[in-house]
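Content type compact mmCIF, C-alpha atoms, from the file work_15.txt:
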```
# COMPACT_ATOMS: atom_id res chain seq x y z
CA MET A 1 -10.40 -55.65 5.81
CA ALA A 2 -7.33 -53.59 5.04
CA ASP A 3 -3.90 -55.07 5.65
CA ALA A 4 -2.34 -53.26 8.61
CA SER A 5 1.06 -53.54 6.95
CA ARG A 6 -0.04 -51.36 4.05
CA THR A 7 1.15 -47.79 4.11
CA ASN A 8 -1.38 -45.11 4.99
CA PRO A 9 -3.33 -44.15 1.82
CA GLN A 10 -2.42 -40.53 2.51
CA ASP A 11 1.27 -41.44 2.36
CA VAL A 12 3.29 -42.25 -0.71
CA GLU A 13 2.67 -45.92 -1.39
CA ARG A 14 5.06 -48.61 -2.52
CA LEU A 15 4.61 -49.39 -6.20
CA GLY A 16 5.28 -52.46 -8.30
CA TYR A 17 5.40 -52.90 -12.07
CA ILE A 18 5.20 -56.18 -13.96
CA GLY A 19 5.81 -56.36 -17.73
CA LEU A 20 8.61 -54.17 -19.04
CA GLY A 21 7.97 -54.23 -22.77
CA LEU A 22 7.37 -51.39 -25.22
CA MET A 23 4.93 -49.72 -22.85
CA GLY A 24 5.91 -50.97 -19.42
CA ALA A 25 9.54 -49.90 -19.49
CA PRO A 26 8.93 -46.20 -20.29
CA MET A 27 5.95 -46.09 -17.91
CA THR A 28 8.11 -47.47 -15.10
CA ARG A 29 10.84 -44.99 -15.93
CA ARG A 30 8.36 -42.14 -15.50
CA LEU A 31 7.39 -43.43 -12.05
CA LEU A 32 11.05 -43.54 -11.08
CA LYS A 33 11.64 -40.01 -12.37
CA ALA A 34 8.68 -38.86 -10.27
CA GLY A 35 10.54 -40.15 -7.20
CA HIS A 36 8.50 -43.28 -6.49
CA GLN A 37 9.81 -46.55 -5.12
CA VAL A 38 9.15 -49.22 -7.76
CA THR A 39 9.72 -52.96 -7.47
CA ILE A 40 9.82 -54.61 -10.90
CA TRP A 41 9.61 -58.03 -12.49
CA ASN A 42 9.72 -59.18 -16.09
CA ARG A 43 9.73 -62.64 -17.61
CA SER A 44 12.91 -61.71 -19.52
CA GLN A 45 15.12 -60.49 -16.71
CA ASP A 46 17.56 -58.67 -19.00
CA LYS A 47 14.91 -56.00 -19.57
CA THR A 48 15.03 -55.08 -15.89
CA THR A 49 18.69 -54.04 -15.91
CA PRO A 50 18.34 -50.47 -17.29
CA LEU A 51 15.50 -49.78 -14.85
CA VAL A 52 17.45 -51.15 -11.89
CA GLU A 53 20.26 -48.80 -12.91
CA ALA A 54 17.65 -46.00 -12.84
CA GLY A 55 16.64 -46.87 -9.29
CA ALA A 56 14.09 -49.69 -9.48
CA VAL A 57 14.32 -52.77 -7.27
CA ARG A 58 14.41 -56.10 -9.08
CA ALA A 59 12.16 -58.84 -7.72
CA ALA A 60 12.72 -62.55 -8.29
CA THR A 61 9.04 -63.39 -8.79
CA PRO A 62 5.63 -61.72 -9.18
CA ARG A 63 4.90 -62.86 -5.62
CA ASP A 64 7.85 -60.79 -4.41
CA VAL A 65 6.49 -57.74 -6.26
CA MET A 66 3.17 -58.12 -4.46
CA ALA A 67 4.85 -58.68 -1.10
CA ASN A 68 6.85 -55.45 -1.45
CA SER A 69 4.17 -53.22 -3.01
CA ASP A 70 0.86 -51.63 -2.09
CA ILE A 71 -0.16 -51.03 -5.71
CA VAL A 72 1.00 -53.33 -8.50
CA PHE A 73 0.83 -52.07 -12.08
CA MET A 74 0.92 -54.62 -14.87
CA CYS A 75 1.21 -54.47 -18.66
CA VAL A 76 1.60 -57.82 -20.40
CA THR A 77 0.71 -59.32 -23.75
CA ASP A 78 -2.70 -60.92 -23.34
CA ALA A 79 -5.13 -62.59 -20.94
CA ALA A 80 -3.05 -65.78 -20.81
CA ALA A 81 -0.03 -63.75 -19.69
CA VAL A 82 -2.11 -61.90 -17.09
CA GLN A 83 -3.38 -65.21 -15.72
CA GLU A 84 0.14 -66.63 -15.53
CA VAL A 85 1.43 -63.60 -13.62
CA ILE A 86 -1.43 -63.85 -11.14
CA PHE A 87 -2.03 -67.58 -10.73
CA GLY A 88 1.16 -69.16 -12.05
CA ARG A 89 4.01 -70.45 -9.93
CA GLU A 90 4.81 -67.79 -7.32
CA GLY A 91 2.22 -65.49 -8.84
CA LEU A 92 0.56 -62.46 -7.29
CA SER A 93 -2.23 -64.56 -5.79
CA SER A 94 0.24 -66.45 -3.60
CA ALA A 95 1.15 -63.35 -1.57
CA PRO A 96 -1.06 -61.59 1.01
CA GLY A 97 -3.18 -59.01 -0.81
CA ALA A 98 -5.67 -57.46 1.61
CA GLY A 99 -5.69 -53.69 1.18
CA LYS A 100 -3.63 -53.89 -2.00
CA LEU A 101 -4.54 -53.17 -5.62
CA VAL A 102 -3.60 -54.55 -9.02
CA VAL A 103 -3.92 -52.07 -11.89
CA ASP A 104 -3.88 -53.95 -15.18
CA PHE A 105 -2.79 -51.83 -18.16
CA SER A 106 -3.00 -54.85 -20.49
CA SER A 107 -5.67 -54.98 -23.21
CA ILE A 108 -7.78 -58.08 -22.66
CA HIS A 109 -11.39 -59.21 -23.10
CA PRO A 110 -13.77 -57.45 -20.66
CA ASP A 111 -15.09 -60.85 -19.54
CA ALA A 112 -11.54 -62.01 -18.82
CA ALA A 113 -10.91 -58.89 -16.71
CA ARG A 114 -14.02 -59.52 -14.63
CA ASP A 115 -13.18 -63.20 -14.19
CA LEU A 116 -9.54 -62.62 -13.22
CA ALA A 117 -10.51 -59.84 -10.81
CA ALA A 118 -13.07 -62.06 -9.05
CA ARG A 119 -10.66 -64.99 -8.80
CA LEU A 120 -7.87 -62.82 -7.38
CA LYS A 121 -10.26 -61.28 -4.86
CA ASP A 122 -11.27 -64.76 -3.72
CA ALA A 123 -7.65 -65.91 -3.57
CA ASN A 124 -6.09 -63.18 -1.44
CA ASP A 125 -8.49 -60.21 -1.24
CA THR A 126 -6.58 -57.99 -3.69
CA GLY A 127 -8.61 -55.27 -5.42
CA TRP A 128 -8.56 -54.75 -9.19
CA ILE A 129 -8.66 -51.92 -11.71
CA ASP A 130 -8.67 -52.65 -15.42
CA ALA A 131 -6.93 -49.69 -17.05
CA PRO A 132 -5.91 -50.25 -20.67
CA VAL A 133 -3.90 -47.48 -22.28
CA SER A 134 -3.86 -45.59 -25.57
CA GLY A 135 -1.10 -43.44 -27.00
CA GLY A 136 1.55 -45.93 -28.03
CA THR A 137 5.22 -45.92 -27.13
CA LYS A 138 5.48 -42.19 -27.81
CA GLY A 139 2.75 -41.50 -25.26
CA ALA A 140 4.39 -43.83 -22.74
CA GLU A 141 7.72 -42.05 -23.09
CA GLU A 142 6.22 -38.56 -22.90
CA GLY A 143 3.59 -39.26 -20.24
CA THR A 144 0.73 -38.30 -22.54
CA LEU A 145 -1.18 -41.58 -22.47
CA ALA A 146 -4.96 -41.75 -22.24
CA ILE A 147 -5.99 -44.41 -19.73
CA MET A 148 -9.56 -45.65 -19.37
CA ALA A 149 -10.43 -47.47 -16.16
CA GLY A 150 -12.95 -49.84 -14.64
CA GLY A 151 -13.22 -50.42 -10.90
CA GLU A 152 -14.40 -48.93 -7.62
CA ALA A 153 -14.37 -45.13 -7.44
CA ARG A 154 -12.34 -45.10 -4.21
CA ASP A 155 -9.71 -47.34 -5.78
CA ILE A 156 -9.52 -45.12 -8.86
CA GLU A 157 -8.85 -42.06 -6.71
CA ARG A 158 -6.27 -43.92 -4.67
CA VAL A 159 -4.15 -44.74 -7.73
CA ARG A 160 -4.83 -41.52 -9.65
CA PRO A 161 -1.72 -39.59 -8.47
CA TYR A 162 0.56 -42.42 -9.59
CA VAL A 163 -1.22 -43.05 -12.88
CA LEU A 164 -0.97 -39.35 -13.76
CA ALA A 165 2.81 -39.63 -13.48
CA MET A 166 2.50 -41.88 -16.55
CA ALA A 167 -0.51 -40.42 -18.37
CA ARG A 168 -2.23 -37.17 -19.27
CA ARG A 169 -5.76 -38.51 -18.87
CA PHE A 170 -7.21 -41.10 -16.47
CA THR A 171 -10.96 -41.58 -16.86
CA HIS A 172 -13.18 -43.76 -14.68
CA MET A 173 -15.63 -45.46 -17.05
CA GLY A 174 -17.54 -47.71 -14.65
CA SER A 175 -17.20 -51.06 -12.90
CA ILE A 176 -14.54 -53.68 -13.62
CA GLY A 177 -14.49 -54.45 -17.35
CA ALA A 178 -15.60 -50.97 -18.38
CA GLY A 179 -12.03 -49.88 -19.04
CA GLN A 180 -11.49 -52.82 -21.38
CA THR A 181 -14.73 -52.12 -23.23
CA THR A 182 -13.70 -48.49 -23.68
CA LYS A 183 -10.33 -49.62 -25.04
CA LEU A 184 -12.15 -51.73 -27.63
CA CYS A 185 -14.01 -48.62 -28.78
CA ASN A 186 -10.63 -46.90 -29.00
CA GLN A 187 -9.24 -49.74 -31.10
CA VAL A 188 -12.18 -49.62 -33.50
CA ILE A 189 -11.25 -46.00 -34.18
CA VAL A 190 -7.46 -46.48 -34.26
CA GLY A 191 -7.48 -49.71 -36.27
CA CYS A 192 -9.81 -48.25 -38.88
CA ALA A 193 -7.80 -45.01 -38.92
CA MET A 194 -4.59 -46.91 -39.66
CA ALA A 195 -6.27 -48.73 -42.54
CA VAL A 196 -7.85 -45.58 -43.98
CA LEU A 197 -4.69 -43.48 -43.63
CA ALA A 198 -2.69 -46.22 -45.35
CA GLU A 199 -5.20 -46.06 -48.23
CA ALA A 200 -5.06 -42.27 -48.49
CA THR A 201 -1.27 -42.25 -48.31
CA ARG A 202 -0.95 -44.87 -51.04
CA LEU A 203 -3.35 -42.90 -53.25
CA ALA A 204 -1.18 -39.81 -52.82
CA VAL A 205 2.02 -41.71 -53.66
CA ASN A 206 0.54 -43.49 -56.68
CA ALA A 207 -0.97 -40.23 -57.99
CA GLY A 208 2.43 -38.54 -57.85
CA ILE A 209 1.98 -36.00 -55.05
CA ASP A 210 4.21 -35.64 -51.99
CA ALA A 211 2.47 -37.72 -49.34
CA ASN A 212 4.83 -36.31 -46.71
CA ARG A 213 2.92 -33.03 -47.02
CA LEU A 214 -0.53 -34.51 -46.35
CA PRO A 215 -0.42 -33.72 -42.61
CA GLU A 216 0.53 -30.10 -43.36
CA ALA A 217 -2.02 -29.72 -46.13
CA LEU A 218 -4.90 -31.18 -44.11
CA ALA A 219 -4.04 -29.58 -40.76
CA GLY A 220 -7.02 -27.73 -39.31
CA GLY A 221 -9.50 -29.34 -41.72
CA PHE A 222 -12.02 -32.05 -40.98
CA ALA A 223 -9.48 -34.75 -41.86
CA ASP A 224 -6.93 -33.50 -39.34
CA SER A 225 -6.18 -35.72 -36.35
CA ILE A 226 -3.36 -36.99 -34.18
CA PRO A 227 -3.22 -40.23 -36.21
CA LEU A 228 -2.92 -38.23 -39.46
CA GLN A 229 -0.05 -36.18 -38.08
CA LEU A 230 1.75 -39.12 -36.50
CA PHE A 231 1.06 -42.11 -38.75
CA VAL A 232 1.38 -40.74 -42.28
CA PRO A 233 5.02 -39.56 -42.07
CA ARG A 234 6.01 -42.89 -40.54
CA MET A 235 4.23 -44.79 -43.31
CA VAL A 236 5.76 -42.71 -46.12
CA GLN A 237 9.27 -42.71 -44.69
CA GLY A 238 9.21 -46.33 -43.53
CA ILE A 239 9.86 -45.45 -39.88
CA HIS A 240 8.95 -48.55 -37.91
CA THR A 241 11.55 -48.63 -35.12
CA PRO A 242 10.57 -48.47 -32.39
CA PRO A 243 7.13 -49.70 -33.41
CA LEU A 244 4.11 -47.72 -32.26
CA GLY A 245 2.51 -51.10 -31.62
CA HIS A 246 2.71 -54.62 -32.99
CA ILE A 247 0.44 -55.99 -35.72
CA ALA A 248 -0.40 -58.92 -33.41
CA THR A 249 -1.61 -56.57 -30.68
CA MET A 250 -3.93 -54.63 -32.97
CA LEU A 251 -5.27 -57.84 -34.48
CA LYS A 252 -5.90 -59.31 -31.02
CA ASP A 253 -7.91 -56.24 -30.05
CA LEU A 254 -9.93 -56.16 -33.26
CA ASP A 255 -10.71 -59.86 -32.88
CA THR A 256 -11.96 -59.07 -29.36
CA VAL A 257 -14.09 -56.28 -30.82
CA ALA A 258 -15.66 -58.82 -33.17
CA ASP A 259 -16.38 -61.19 -30.27
CA VAL A 260 -17.99 -58.51 -28.09
CA ALA A 261 -19.91 -57.18 -31.08
CA GLN A 262 -21.36 -60.63 -31.72
CA ALA A 263 -22.32 -61.02 -28.05
CA THR A 264 -24.04 -57.61 -28.03
CA SER A 265 -25.59 -57.80 -31.53
CA THR A 266 -23.55 -54.78 -32.62
CA PRO A 267 -22.74 -54.36 -36.33
CA VAL A 268 -19.06 -53.52 -36.82
CA PRO A 269 -18.44 -53.73 -40.59
CA MET A 270 -15.55 -51.25 -40.62
CA ALA A 271 -13.74 -52.83 -37.68
CA SER A 272 -14.25 -56.27 -39.20
CA LEU A 273 -12.64 -55.14 -42.47
CA ALA A 274 -9.75 -53.54 -40.57
CA GLY A 275 -9.28 -56.81 -38.70
CA GLN A 276 -8.98 -58.76 -41.95
CA LEU A 277 -6.47 -56.24 -43.33
CA PHE A 278 -4.35 -56.64 -40.21
CA ARG A 279 -4.62 -60.42 -40.60
CA LEU A 280 -3.18 -60.01 -44.09
CA ALA A 281 -0.48 -57.72 -42.70
CA LYS A 282 0.42 -60.33 -40.10
CA ALA A 283 0.85 -62.94 -42.83
CA ALA A 284 2.89 -60.59 -45.00
CA ARG A 285 5.00 -58.74 -42.43
CA GLY A 286 4.93 -60.88 -39.29
CA ALA A 287 3.15 -60.67 -35.96
CA GLN A 288 5.78 -58.46 -34.32
CA ALA A 289 6.00 -55.92 -37.15
CA ASP A 290 4.87 -52.36 -36.55
CA ALA A 291 1.12 -52.03 -37.07
CA LEU A 292 1.75 -49.13 -39.49
CA GLU A 293 3.25 -51.62 -41.93
CA ILE A 294 -0.34 -52.19 -42.98
CA TYR A 295 0.56 -49.45 -45.49
CA LYS A 296 2.83 -51.91 -47.29
CA LEU A 297 -0.10 -54.17 -48.16
CA SER A 298 -0.98 -51.81 -51.00
CA GLY A 299 2.51 -51.88 -52.55
CA GLN A 300 3.02 -52.66 -56.21
CA SER A 301 3.50 -56.39 -55.78
CA LEU A 302 3.74 -59.14 -53.22
CA ALA A 303 7.49 -59.09 -53.79
CA SER A 304 7.59 -55.48 -52.64
CA LEU A 305 6.05 -56.51 -49.31
CA ASN A 306 9.18 -58.43 -48.50
CA ALA A 307 11.57 -55.88 -50.03
CA THR A 308 10.29 -52.63 -48.47
```
Would you give me this structure, written as structure tokens?
Amino acid sequence: MADASRTNPQDVERLGYIGLGLMGAPMTRRLLKAGHQVTIWNRSQDKTTPLVEAGAVRAATPRDVMANSDIVFMCVTDAAAVQEVIFGREGLSSAPGAGKLVVDFSSIHPDAARDLAARLKDANDTGWIDAPVSGGTKGAEEGTLAIMAGGEARDIERVRPYVLAMARRFTHMGSIGAGQTTKLCNQVIVGCAMAVLAEATRLAVNAGIDANRLPEALAGGFADSIPLQLFVPRMVQGIHTPPLGHIATMLKDLDTVADVAQATSTPVPMASLAGQLFRLAKAARGAQADALEIYKLSGQSLASLNAT
């Protein structure tokens, strides 16, 4: 039964956003620029200040976000963080939720998405859409993200106008969990692309050609792609701030790929190799380093990993 206090679906709804990191902050800013009311919360409260100055309303707890929103968007680190926001002290589940929706932009295991959605529904009757994103910080800033979603069709259409203020593409892939599974397919492609482009770039550098010109030289050919055009210059020039994504995030996703692949008897040799390369990169560069620093694994020596 819908909560009578919720605004009419045909009206502009009250929005909330939880998790104001590399992706959440620019996505929230786009909602504000589109003229929406947005109530925000972040574990580190200092990150809310620039958005409050831009017009957002700061909430003291996730519960307060739910109480003052009809649709709550969320983008946090992992499934443990999602669970804490929902079921932790003064979490989303402690506020009335009938007629409301949570749209989770986080990348988590499909099984975790289904479990959390069912538990939240039982707790306060809130609906759920799993909607992981692709496009990195650049896509979040420019509103060009690709978002893949799992949930009820009517819920997808309800949130579509707001999501498209933050993204270029919003695709309904099936029931809850389908968005997360689609994101894993995305990460197989992106993780392997990062590893392969790092290899090609290092070959160019070691062979004495200008690797900066690879995107220009290969444009329009079969090797051309958005990753080629975006990643290679950043690798060659050592541009890692702001990061397109953290090594730890890519590794988490590729480890989830391996788990789902095992459960579904799916061979994933390339993704498994990419996962091990990112594990090496994590050891060499640190969990919070830019994922494109995988390029530095093929430097001349281990010493160069710490010097470049």
If we count only C-alpha atoms and set the cut-off at 12 Å, which residues sit around Val82 in chain A, ignoring sequence neighbours fewer than 2 positions away in its own chain? Please answer as number ranges by chain.
A: 18-19, 43, 62, 73-80, 84-88, 91-93, 102-109, 112-113, 115-117, 120, 130
Surrounding residues of range 185-189 of chain A excluding itself and chain neighbours under 2 positions, 8 Å, all atoms listed in the file, as number ranges by chain
A: 134, 181-183, 191-193, 250, 253-254, 257, 271
Just the residues within 6 Å of range 288-296 of chain A, please, counting all atoms listed in the file, with nothing from its chain fewer than 3 positions along; format it as a compact mmCIF listing (two decimals) with C-alpha atoms, in the coordinates of the input.
```txt
# COMPACT_ATOMS: atom_id res chain seq x y z
CA ALA A 198 -2.69 -46.22 -45.35
CA HIS A 240 8.95 -48.55 -37.91
CA PRO A 243 7.13 -49.70 -33.41
CA GLY A 245 2.51 -51.10 -31.62
CA HIS A 246 2.71 -54.62 -32.99
CA ILE A 247 0.44 -55.99 -35.72
CA ALA A 281 -0.48 -57.72 -42.70
CA GLY A 299 2.51 -51.88 -52.55
CA LEU A 305 6.05 -56.51 -49.31
```
Considering all atoms listed in the file, state which residue in the set A:Asp70, A:Leu31, A:Ala25, A:Leu230 is at the smallest distance from Leu164 in chain A.
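Looking only at the distances to Leu164 in chain A, the closest residue turns out to be A:Leu31.
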Residues within 7 Å of Thr61 in chain A, please, as a CSV table (one decimal) with C-alpha atoms, in the coordinates of the input. Count all atoms listed in the file; anything in the same chain fewer than 3 positions from it doesn't count.
```csv
chain,number,residue,atom,x,y,z
A,41,TRP,CA,9.6,-58.0,-12.5
A,64,ASP,CA,7.8,-60.8,-4.4
A,65,VAL,CA,6.5,-57.7,-6.3
A,90,GLU,CA,4.8,-67.8,-7.3
```
Pairwise distance for CA of Asp122 in chain A and CA of Ser69 in chain A, rounded to one decimal in Å
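Interatomic distance, CA of Asp122 in chain A to CA of Ser69 in chain A: 19.3 Å.
With CA of Ala195 in chain A on one side and CA of Leu277 in chain A on the other, the separation reads 7.6 Å.
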For CA of Ala219 in chain A and CA of Ala200 in chain A, quote the distance in Å rounded to one decimal.
14.9 Å
Smallest atom-to-atom distance to Gly21 in chain A: which of A:Met194, A:Pro242, A:Ala59, A:Phe222, using only C-alpha atoms?
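Closest to Gly21 in chain A, using only C-alpha atoms: A:Pro242.
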From A:Ala67, A:Val159, A:Val57, A:Ile239, residue lying nearest Val12 in chain A [all atoms listed in the file]
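Closest to Val12 in chain A, using all atoms listed in the file: A:Val159.
Distances from A:Leu251, A:Ala178, A:Leu197, A:Met66 to Pro215 in chain A were compared using only C-alpha atoms, and the smallest one belongs to A:Leu197.
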Residue with smallest distance to Gly136 in chain A - pool A:Ala98, A:Ala287, A:Leu244, A:Leu22, counting all atoms listed in the file
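Of the candidates, the smallest distance to Gly136 in chain A is held by A:Leu244.
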Nearest to Thr256 in chain A by atom-to-atom distance, counting only C-alpha atoms, from A:Leu184, A:Ile209, A:Ala284, A:Ile226:
A:Leu184
Could you give me, as an MDAnalysis selection string, the residues within 10 Å of Asp224 in chain A, counting only C-alpha atoms and dropping anything in the same chain fewer than 6 positions from it?
chainID A and resid 214:218
